[in-house]
Every structure is written in C-alpha cells, then in structure tokens.
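The structure appears right after this line, and notes come after that.
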Amino acid sequence: MLKGLVSLYLSLIFLSSGTIVLAAESGYVARSNLMQNIRSEFSVLARMAQEKIQFDESLAESTRLTLLNLAASAPTIFEDNELPINSEALPAIWENWEDFISKSEDFEFALEGIETSTLIDLRSSLGNVGATCGSCHQKYRMK
C-alpha cells in the first residue's frame, strides 16, 4: 500500500512539472510537445492583444517568461533528429543547424522585446514574434 502511494505521489510530481516531463522525452515527442506549448502560451498573448480575453499585465508577463523558457530549450530538444512520418519538421533543420540555431536565437530576442505593461505595448510588440516564427517555419516546417 505504501509503495503504491509513493509511486502515485512521484507520478503526480513528474506530471505536474512540464520541465521534468520534457526532459524525459526525446525526439519527435519532445519537439511536438514544445511546439504545442509555445503555440498555447503565445495564444494567451494573441487573445489578449485582440481583446478576446481581458488584458492582465501580470499574466502577460508570466506568459512572456514562460515563452522565453520554452524557446531557450528548443536547441537542446531539436538536437535529436528523429523524423517519424507524421513529423512536420524538415531534415533541413539538421542540414542547416547553425541557421536553425540563429533563427531560434532570433525568436528568443523577439520574445525579450515583448512589452507587457499595457495593451497598446503588447499589441505593438507581438508582430516581431510572429515574424520570427514565420521565418523558421517557412524554411524548416513541412507545409
């Protein structure tokens, strides 16, 4: 009984920490989860900018910081070049690794530039982020 409770407790800890779960994953699954998490977090800022949800400076800033952490993990997560048939990643990522890393750094730089103090600032600073996403996806994501 005690062993079962300890196992359940440890499972809950691992599941509640995205970082631990991501660290245990590799290849396609980790990349897919990373990109889904980035999309999900960015949608919070986009919906705020479009006034689909109420602007909240604290939420906007914490979302920006989460996005920065996710972006910083991209080079490590993308090192594994596993490409199952359903992957949207193109082999060009690993063939042009330095360019991919440069685009990843551009994404981080754009995230650092997001202004979260007002709705107007948020709106005006999101375009740069979208442009960096498009730059990488255009070259390294299957259409």
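Letters A, B, ... go to the chains of the structure tokens in the order shown; residues in each chain start at 1; ligands are counted from 1 in the same order.
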
Per residue of region 30-73 of chain A within 8 Å of region 91-115 of chain A, what are the shortest atom pair and its distance in Å to one decimal, counting only C-alpha atoms, with rows by chain and residue number, as a Markdown table?
| residue | atom | partner | partner_atom | distance |
| --- | --- | --- | --- | --- |
| A:Arg64 | CA | A:Leu111 | CA | 6.7 |
| A:Leu67 | CA | A:Leu111 | CA | 7.2 |
| A:Leu68 | CA | A:Glu108 | CA | 6.1 |
| A:Ala71 | CA | A:Glu108 | CA | 6.0 |
| A:Ala72 | CA | A:Glu108 | CA | 7.0 |

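Separating CA of Ala49 (chain A) from CA of Ala74 (chain A) is a distance of 25.2 Å.
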
Each residue of region 24-79 of chain A with at least one atom at most 12 Å from region 119-131 of chain A should appear once, together with its nearest atom pair and the corresponding distance in Å (one decimal); atoms considered: only C-alpha atoms; ordering: chain, then increasing residue number; output as a tab-separated table.
residue	atom	partner	partner_atom	distance
A:Ile38	CA	A:Val129	CA	11.5
A:Arg39	CA	A:Gly130	CA	10.9
A:Phe42	CA	A:Val129	CA	9.3
A:Ser43	CA	A:Leu126	CA	11.0
A:Val44	CA	A:Leu122	CA	11.5
A:Leu45	CA	A:Leu122	CA	7.8
A:Ala46	CA	A:Leu126	CA	7.7
A:Arg47	CA	A:Arg123	CA	10.2
A:Met48	CA	A:Leu119	CA	7.6
A:Ala49	CA	A:Arg123	CA	5.1
A:Gln50	CA	A:Arg123	CA	8.0
A:Glu51	CA	A:Leu119	CA	8.7
A:Ile53	CA	A:Leu119	CA	11.3
A:Gln54	CA	A:Leu119	CA	9.4
A:Phe55	CA	A:Leu119	CA	6.3
A:Asp56	CA	A:Leu119	CA	8.5
A:Glu57	CA	A:Leu119	CA	8.2
A:Ser58	CA	A:Leu119	CA	11.9
A:Leu59	CA	A:Leu122	CA	11.9
A:Ala60	CA	A:Leu122	CA	8.3
A:Glu61	CA	A:Leu122	CA	9.9
A:Thr63	CA	A:Leu122	CA	11.9
A:Arg64	CA	A:Leu122	CA	10.4
A:Leu67	CA	A:Val129	CA	10.8
A:Leu68	CA	A:Val129	CA	11.4
A:Ala71	CA	A:Val129	CA	11.5

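With CA of Ser32 (chain A) on one side and CA of Glu82 (chain A) on the other, the separation reads 11.5 Å.
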
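Here CA of Arg141 (chain A) stands at a distance of 13.1 Å from CA of Tyr28 (chain A).
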
### Task
Just the alpha helix (DSSP H) stuff from chain A, please, per backbone DSSP, written as number ranges by chain.
A: 2-16, 18-24, 27-49, 57-78, 92-95, 97-112, 119-140

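Of the listed residues A:Ile85, A:Ala30, A:Ile77, A:Leu90, the one whose atoms come nearest to Lys143 (chain A) is A:Leu90, with distances taken using only C-alpha atoms.
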
### Query
In terms of the shortest atom-to-atom distance over only C-alpha atoms, which of A:Leu83, A:Cys136, A:Leu70, A:Met142 is closest to Met35 (chain A)?
A:Leu70
